[in-house]
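K.L.:
Submitted below is the structure of interest, expressed as structure tokens.
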Amino acid sequence: MKSLIGAKITALGTYVPPKLLTNADLEKMVDTTSQWITERTGIKQRHIVEKGVATSDLAVEACKQILEKRGIAPTEIEAIVVGTVTPDMLFPSTACLIQDRLGCKGAWGFDVSAACSAFLYALQTAAQFVRTGAHKKVLAIGADVMSSIINYEDRATCIIFGDGAGAVLIEAADPEDPNIMLDFIHEVDGSGGCSLYMPAGGSKRPASHETVDKKMHYVHQDGQAVFKYAVKKMAEASETLLKRNGLTGKDIDLFVPHQANRRIIMSAAERLGMPEERIIINIGEYGNTTAGTIPLALGSAREQGRLKKGDLVLMASVGAGFTVGATLLKWGAD
Ligand code: COA
């Protein structure tokens, strides 16, 4: 991707709430078994918030780590882009709440709605402001409190999701710096919208006693339709991105996929010819945290010593919408 100014990731922060919801807990809540959940999804536990804790609370913790690590003042941040499907409220945006809590006086911002692809969409949106020279320091955040929109009586969805947040700082790179964001592909296929959605609470079906009684403010999902689309598109988008950059899966140091289902990840990785030791899978620990999965996976890679400055990283996602994203970059943070 040609641009006058390179955009690079210079810091990463992640946060999950301490409370755990394990497969054993879910066995007591719905008709399921830990074995079924692990075999079908790879998930063993998820972190979920205590009552009253919102998406902005998780995001603020992740961003504080970034400011501390990078040693910069909140006032140096010029814009904040938040990917989330569970904003604290419909408005003001979560970006406004985070701006205020962090003390980023002078920063502007907004939320991006792209479900499980929201972190990659926020990342690329934020990077454009840096590439054009409009800003020098922009925060891109992926954060969700999925437990706020999950029906814990529906075994098909409640076993999948967890809460969590992650953020990166994107800065303008020096002209000779090779560790920059390289290329991306984003696609949507809106015809898949009814396969994964929250039917009520928007302008089409505003909240009413009836919508609440019918449990329409929860995630509704056709699991198999989502599964099939995700398996196909995660690999397809990644392959196209690699090909047009003259690369194959074997050239990638680290594959960081959206953590929706272990089987989806392994199928995509197999098609890309990606050896298992180059794939980050932490779904067992966190479940699907929607916009949080990719930054949390980057965090796991860093903790395991598997993510170093200069590594060629491929990230990929598929989410409700349907939304598809794939990003290729050289990791720029220490
Ligand atoms: N425990 C036990 N049985 C369950 C269950 C659970 N938690 N959830 C569903 N089942 C049952 C179903 O009722 C069905 O029973 P039946 O055959 O008697 O009708 C059976 O298991 C198979 O259901 P199916 O939906 O075919 O299972 P699956 O193998 O497709 O797995 C998902 C279900 C949801 C795990 C899987 O489809 C999936 O991961 N889809 C993608 C979801 C996703 O990633 N969403 C986020 C978007 S990024």
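The way I read the labels, and the way they are meant: chains A, B, ... in the order of the structure tokens, residue 1 as the first residue of every chain, and ligand 1 as the first ligand shown, with later ones counted on from there.
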Listing only residues of region 11-40 of chain A within 12 Å of region 329-334 of chain A, what is the closest atom pair and its distance in Å (to one decimal) for each, using only C-alpha atoms, sorted by chain and residue number ascending, as a tab-separated table?

P.N.:
```
residue	atom	partner	partner_atom	distance
A:Ala11	CA	A:Ala333	CA	5.2
A:Leu12	CA	A:Ala333	CA	7.6
A:Gly13	CA	A:Ala333	CA	11.2
```

K.L.:
With all heavy atoms retained, export the selected residues as a JSON list (two decimals), in the first residue's frame.

P.N.:
```
[["chain", "number", "residue", "atom", "x", "y", "z"],
["A", 11, "ALA", "N", 2.62, 0.44, 20.47],
["A", 11, "ALA", "CA", 2.33, -0.08, 21.82],
["A", 11, "ALA", "C", 1.03, -0.86, 21.81],
["A", 11, "ALA", "O", 0.14, -0.60, 20.98],
["A", 11, "ALA", "CB", 2.25, 1.05, 22.83],
["A", 12, "LEU", "N", 0.94, -1.81, 22.74],
["A", 12, "LEU", "CA", -0.25, -2.67, 22.87],
["A", 12, "LEU", "C", -0.66, -2.72, 24.32],
["A", 12, "LEU", "O", 0.19, -2.79, 25.22],
["A", 12, "LEU", "CB", 0.12, -4.10, 22.40],
["A", 12, "LEU", "CG", -0.83, -5.24, 22.71],
["A", 12, "LEU", "CD1", -2.09, -5.17, 21.83],
["A", 12, "LEU", "CD2", -0.14, -6.59, 22.51],
["A", 13, "GLY", "N", -1.97, -2.66, 24.57],
["A", 13, "GLY", "CA", -2.48, -2.83, 25.93],
["A", 13, "GLY", "C", -3.68, -3.77, 25.89],
["A", 13, "GLY", "O", -4.45, -3.75, 24.92]]
```

K.L.:
Would you please give, as a compact mmCIF listing (two decimals) with C-alpha atoms, in the first residue's frame, all residues of region 173-297 of chain A that DSSP assigns to helix (DSSP H, G or I) based on the backbone?

P.N.:
```txt
# COMPACT_ATOMS: atom_id res chain seq x y z
CA GLY A 190 -24.71 -7.62 4.05
CA SER A 191 -26.86 -10.51 2.84
CA GLY A 192 -25.52 -12.46 5.84
CA GLY A 193 -26.90 -9.96 8.36
CA CYS A 194 -29.69 -12.19 9.62
CA SER A 195 -27.28 -15.03 10.48
CA HIS A 209 -41.99 -4.76 27.03
CA GLU A 210 -42.73 -7.04 24.09
CA THR A 211 -39.16 -7.05 22.73
CA VAL A 212 -37.80 -7.75 26.20
CA ASP A 213 -40.32 -10.53 26.84
CA GLY A 223 -24.22 -21.03 14.17
CA GLN A 224 -23.73 -23.28 11.16
CA ALA A 225 -24.22 -20.47 8.62
CA VAL A 226 -21.68 -18.32 10.47
CA PHE A 227 -19.29 -21.25 10.76
CA LYS A 228 -19.39 -22.05 7.03
CA TYR A 229 -18.93 -18.42 6.00
CA ALA A 230 -16.10 -17.87 8.49
CA VAL A 231 -14.17 -20.97 7.40
CA LYS A 232 -14.35 -19.88 3.77
CA LYS A 233 -13.75 -16.15 4.07
CA MET A 234 -11.05 -16.08 6.77
CA ALA A 235 -8.83 -18.14 4.48
CA GLU A 236 -9.93 -16.45 1.24
CA ALA A 237 -9.24 -12.88 2.43
CA SER A 238 -5.89 -13.91 3.92
CA GLU A 239 -4.86 -15.71 0.74
CA THR A 240 -5.75 -12.74 -1.47
CA LEU A 241 -3.82 -10.37 0.78
CA LEU A 242 -0.75 -12.62 0.86
CA LYS A 243 -0.83 -13.23 -2.89
CA ARG A 244 -0.98 -9.59 -3.86
CA GLY A 249 1.50 -18.55 4.52
CA LYS A 250 5.03 -19.89 5.00
CA ASP A 251 6.47 -16.34 4.96
CA ARG A 262 -10.75 -23.35 17.22
CA ARG A 263 -12.00 -25.40 14.27
CA ILE A 264 -12.50 -22.27 12.14
CA ILE A 265 -8.95 -21.12 12.92
CA MET A 266 -7.36 -24.49 12.18
CA SER A 267 -9.22 -24.85 8.92
CA ALA A 268 -8.11 -21.40 7.73
CA ALA A 269 -4.54 -22.04 8.85
CA GLU A 270 -4.44 -25.37 7.03
CA ARG A 271 -5.59 -23.77 3.78
CA LEU A 272 -2.91 -21.10 4.16
CA GLU A 276 0.70 -24.66 14.04
CA GLU A 277 3.62 -23.05 15.91
CA ARG A 278 2.98 -19.79 14.03
CA ILE A 283 -9.79 -19.03 22.69
CA GLY A 284 -9.54 -21.66 25.44
CA GLU A 285 -8.78 -18.95 27.96
CA TYR A 286 -11.01 -16.07 26.80
CA THR A 290 -15.74 -10.14 19.60
CA ALA A 291 -13.73 -6.92 18.97
CA GLY A 292 -11.34 -7.87 21.77
CA THR A 293 -10.02 -11.15 20.36
CA ILE A 294 -7.24 -9.98 18.05
CA PRO A 295 -5.54 -7.54 20.46
CA LEU A 296 -5.93 -10.12 23.25
CA ALA A 297 -4.30 -12.70 20.99
```

K.L.:
Residues within 12 Å of region 23-39 of chain A, please, as a list in words. Count only C-alpha atoms; anything in the same chain fewer than 3 positions from it doesn't count.

P.N.:
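Counting only C-alpha atoms, the residues come to Lys19, Leu20, Gly42, Ile43, Lys44, Gln45, Arg46, His47, Asn151, Tyr152, Glu153, Asp154, Arg155, Ala156, Thr157, Cys158, Ile159, Ile160, Phe161, Gly162, Asn261, Arg262, Arg263, Ile283, Gly284, Glu285, Tyr286 and Gly287 of chain A.
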
K.L.:
Under the rule that only C-alpha atoms and all ligand atoms are counted, which of A:Gly246, A:Pro257, A:Gly106, A:Gly310 is the nearest residue to ligand 1?

P.N.:
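Closest candidate: A:Pro257.
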
K.L.:
Please identify all polymer residues within 6 Å of Val324 (chain A), counting only C-alpha atoms, omitting same-chain residues fewer than 6 positions from it, and present them as a ChimeraX atom specification.

P.N.:
/A:186-188,317-318

K.L.:
Since we have the selection now, will you write its residues out, keeping all heavy atoms, as a tab-separated table (two decimals), in the first residue's frame?

P.N.:
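What landed in part.tsv:
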```
chain	number	residue	atom	x	y	z
A	186	HIS	N	-10.64	-5.36	3.37
A	186	HIS	CA	-11.91	-5.39	4.11
A	186	HIS	C	-13.03	-5.67	3.11
A	186	HIS	O	-13.04	-5.13	2.01
A	186	HIS	CB	-12.20	-4.04	4.78
A	186	HIS	CG	-11.31	-3.74	5.94
A	186	HIS	ND1	-11.23	-2.49	6.52
A	186	HIS	CD2	-10.46	-4.52	6.64
A	186	HIS	CE1	-10.36	-2.53	7.51
A	186	HIS	NE2	-9.89	-3.75	7.60
A	187	GLU	N	-13.99	-6.50	3.55
A	187	GLU	CA	-15.15	-6.79	2.70
A	187	GLU	C	-16.37	-6.88	3.59
A	187	GLU	O	-16.25	-7.29	4.75
A	187	GLU	CB	-15.01	-8.19	2.07
A	187	GLU	CG	-14.08	-8.29	0.90
A	187	GLU	CD	-13.95	-9.73	0.44
A	187	GLU	OE1	-14.93	-10.51	0.52
A	187	GLU	OE2	-12.85	-10.09	0.02
A	188	VAL	N	-17.53	-6.52	3.04
A	188	VAL	CA	-18.76	-6.88	3.75
A	188	VAL	C	-19.69	-7.61	2.78
A	188	VAL	O	-19.65	-7.37	1.58
A	188	VAL	CB	-19.51	-5.67	4.37
A	188	VAL	CG1	-18.65	-4.93	5.36
A	188	VAL	CG2	-20.06	-4.73	3.32
A	317	SER	N	-10.14	-11.73	10.25
A	317	SER	CA	-11.39	-11.82	11.01
A	317	SER	C	-12.60	-11.99	10.09
A	317	SER	O	-12.58	-11.57	8.94
A	317	SER	CB	-11.59	-10.54	11.83
A	317	SER	OG	-11.81	-9.46	10.94
A	318	VAL	N	-13.62	-12.61	10.66
A	318	VAL	CA	-14.95	-12.63	10.04
A	318	VAL	C	-15.94	-12.36	11.16
A	318	VAL	O	-15.77	-12.87	12.27
A	318	VAL	CB	-15.25	-14.00	9.39
A	318	VAL	CG1	-16.70	-14.09	8.97
A	318	VAL	CG2	-14.34	-14.23	8.19
```

K.L.:
How many Å separate CA of Gly201 (chain A) from CA of Asp144 (chain A)?

P.N.:
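These atoms are spaced 17.0 Å apart.
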
K.L.:
Run DSSP on the backbone and tell me which residues of region 73-199 of chain A come out as strand (DSSP E or B); list them as a tab-separated table (two decimals) with C-alpha atoms, in the first residue's frame.

P.N.:
```
chain	number	residue	atom	x	y	z
A	79	ALA	CA	-7.92	10.63	17.94
A	80	ILE	CA	-9.58	7.51	19.38
A	81	VAL	CA	-11.31	4.88	17.23
A	82	VAL	CA	-13.26	2.21	19.11
A	83	GLY	CA	-14.48	-1.03	17.57
A	108	TRP	CA	-11.67	13.44	18.92
A	109	GLY	CA	-13.07	10.01	18.18
A	110	PHE	CA	-15.90	7.71	17.26
A	111	ASP	CA	-17.09	4.11	17.38
A	112	VAL	CA	-16.89	1.59	14.55
A	137	LYS	CA	-0.78	9.47	17.50
A	138	VAL	CA	-4.11	7.62	17.28
A	139	LEU	CA	-5.55	4.93	19.56
A	140	ALA	CA	-7.34	1.97	17.94
A	141	ILE	CA	-9.38	-0.09	20.38
A	142	GLY	CA	-11.34	-3.36	20.23
A	143	ALA	CA	-13.55	-3.87	23.27
A	144	ASP	CA	-16.72	-5.74	24.09
A	145	VAL	CA	-18.81	-6.78	27.06
A	161	PHE	CA	-18.69	-15.38	24.22
A	163	ASP	CA	-15.64	-9.98	27.74
A	164	GLY	CA	-12.35	-8.23	27.06
A	165	ALA	CA	-10.52	-5.32	25.49
A	166	GLY	CA	-7.32	-4.48	23.71
A	167	ALA	CA	-5.84	-1.38	22.16
A	168	VAL	CA	-2.88	-0.31	20.08
A	169	LEU	CA	-1.22	3.03	19.54
A	170	ILE	CA	-0.59	3.93	15.92
A	171	GLU	CA	2.09	6.50	15.19
A	172	ALA	CA	3.70	8.04	12.17
A	181	MET	CA	1.48	-1.50	8.54
A	182	LEU	CA	1.69	-2.93	5.03
A	183	ASP	CA	-1.68	-3.77	3.51
A	184	PHE	CA	-5.26	-4.75	4.27
A	185	ILE	CA	-8.45	-6.15	2.77
A	186	HIS	CA	-11.91	-5.39	4.11
A	187	GLU	CA	-15.15	-6.79	2.70
A	188	VAL	CA	-18.76	-6.88	3.75
A	196	LEU	CA	-25.92	-13.19	13.52
A	197	TYR	CA	-27.67	-10.18	15.00
```

K.L.:
Using only C-alpha atoms and all ligand atoms, can you tell me which of A:Arg40, A:His220, A:Lys214, A:Arg101 comes closest to ligand 1?

P.N.:
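Closest to ligand 1, using only C-alpha atoms and all ligand atoms: A:Arg40.
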
K.L.:
Go through A:Arg131, A:Lys215, A:Pro74, A:Cys96 one by one, measure the shortest atom-to-atom distance of each to Asp174 (chain A) using only C-alpha atoms, and give the residue with the smallest value.

P.N.:
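Of A:Arg131, A:Lys215, A:Pro74, A:Cys96, the one nearest Asp174 (chain A) is A:Arg131, counting only C-alpha atoms.
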
K.L.:
What is the CA of Ala200 (chain A) to CA of Ala316 (chain A) distance in Å?

P.N.:
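Between these atoms lies a distance of 28.8 Å.
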
K.L.:
Could you state the separation of CA of Ala301 (chain A) and CA of Gln99 (chain A) in Å, given to one decimal place?

P.N.:
27.9 Å

K.L.:
Quick one: everything within 12 Å of Met89 (chain A), counting only C-alpha atoms, minus sequence neighbours fewer than 3 positions away in the same chain. Send it as a list of chain:residue names.

P.N.:
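Non-adjacent residues within range: A:Ala54, A:Thr55, A:Ser56, A:Thr84, A:Val85, A:Thr86, A:Pro92, A:Ser93, A:Thr94, A:Ala95, A:Cys96, A:Leu97, A:Asp111, A:Val145, A:Ser148, A:Gly201, A:Gly202.
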
K.L.:
If you keep N, CA and C atoms, can you produce a file of those selected residues as a CSV table (one decimal), in the first residue's frame?

P.N.:
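Okay, this is what ended up in out.csv:
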```
chain,number,residue,atom,x,y,z
A,54,ALA,N,-18.7,-1.7,32.3
A,54,ALA,CA,-19.1,-1.5,30.9
A,54,ALA,C,-17.8,-1.6,30.0
A,55,THR,N,-18.1,-1.6,28.7
A,55,THR,CA,-17.1,-1.7,27.7
A,55,THR,C,-16.0,-0.6,27.9
A,56,SER,N,-16.4,0.6,28.1
A,56,SER,CA,-15.4,1.7,28.3
A,56,SER,C,-14.5,1.4,29.5
A,84,THR,N,-16.6,-1.7,18.6
A,84,THR,CA,-17.4,-2.4,19.6
A,84,THR,C,-18.8,-2.7,19.1
A,85,VAL,N,-19.4,-3.7,19.6
A,85,VAL,CA,-20.8,-4.0,19.3
A,85,VAL,C,-21.6,-3.9,20.6
A,86,THR,N,-20.9,-3.6,21.7
A,86,THR,CA,-21.5,-3.4,23.0
A,86,THR,C,-21.1,-2.1,23.6
A,92,PRO,N,-23.8,8.9,24.2
A,92,PRO,CA,-22.6,9.2,23.4
A,92,PRO,C,-21.8,8.0,23.1
A,93,SER,N,-20.9,8.1,22.1
A,93,SER,CA,-20.1,7.0,21.7
A,93,SER,C,-19.1,6.6,22.8
A,94,THR,N,-18.7,5.4,22.7
A,94,THR,CA,-17.7,4.9,23.7
A,94,THR,C,-16.4,5.7,23.6
A,95,ALA,N,-16.1,6.1,22.4
A,95,ALA,CA,-14.8,6.9,22.2
A,95,ALA,C,-14.9,8.2,23.1
A,96,CYS,N,-16.1,8.8,23.1
A,96,CYS,CA,-16.2,10.0,23.9
A,96,CYS,C,-16.0,9.7,25.4
A,97,LEU,N,-16.5,8.6,25.9
A,97,LEU,CA,-16.4,8.2,27.3
A,97,LEU,C,-14.9,7.9,27.6
A,111,ASP,N,-17.0,5.6,17.3
A,111,ASP,CA,-17.1,4.1,17.4
A,111,ASP,C,-17.3,3.5,16.0
A,145,VAL,N,-18.2,-6.1,25.9
A,145,VAL,CA,-18.8,-6.8,27.1
A,145,VAL,C,-20.0,-7.6,26.5
A,148,SER,N,-23.2,-8.7,28.3
A,148,SER,CA,-24.4,-7.8,28.4
A,148,SER,C,-25.5,-8.1,27.4
A,201,GLY,N,-33.8,-3.1,20.0
A,201,GLY,CA,-33.0,-2.1,20.7
A,201,GLY,C,-32.5,-1.0,19.8
A,202,GLY,N,-32.7,-1.2,18.5
A,202,GLY,CA,-32.4,-0.1,17.5
A,202,GLY,C,-33.6,0.5,17.0
```

K.L.:
Using only C-alpha atoms and all ligand atoms, which of A:Phe119, A:Phe129, A:Phe322, A:Phe91 sits nearest ligand 1?

P.N.:
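So, comparing all the options, the nearest one is A:Phe322.
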
K.L.:
Looking at only C-alpha atoms and all ligand atoms, which of A:Ile77, A:Leu328, A:Ala115, A:Ile150 is the one that sits closest to ligand 1?

P.N.:
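For ligand 1, the nearest of the candidates is A:Ala115.
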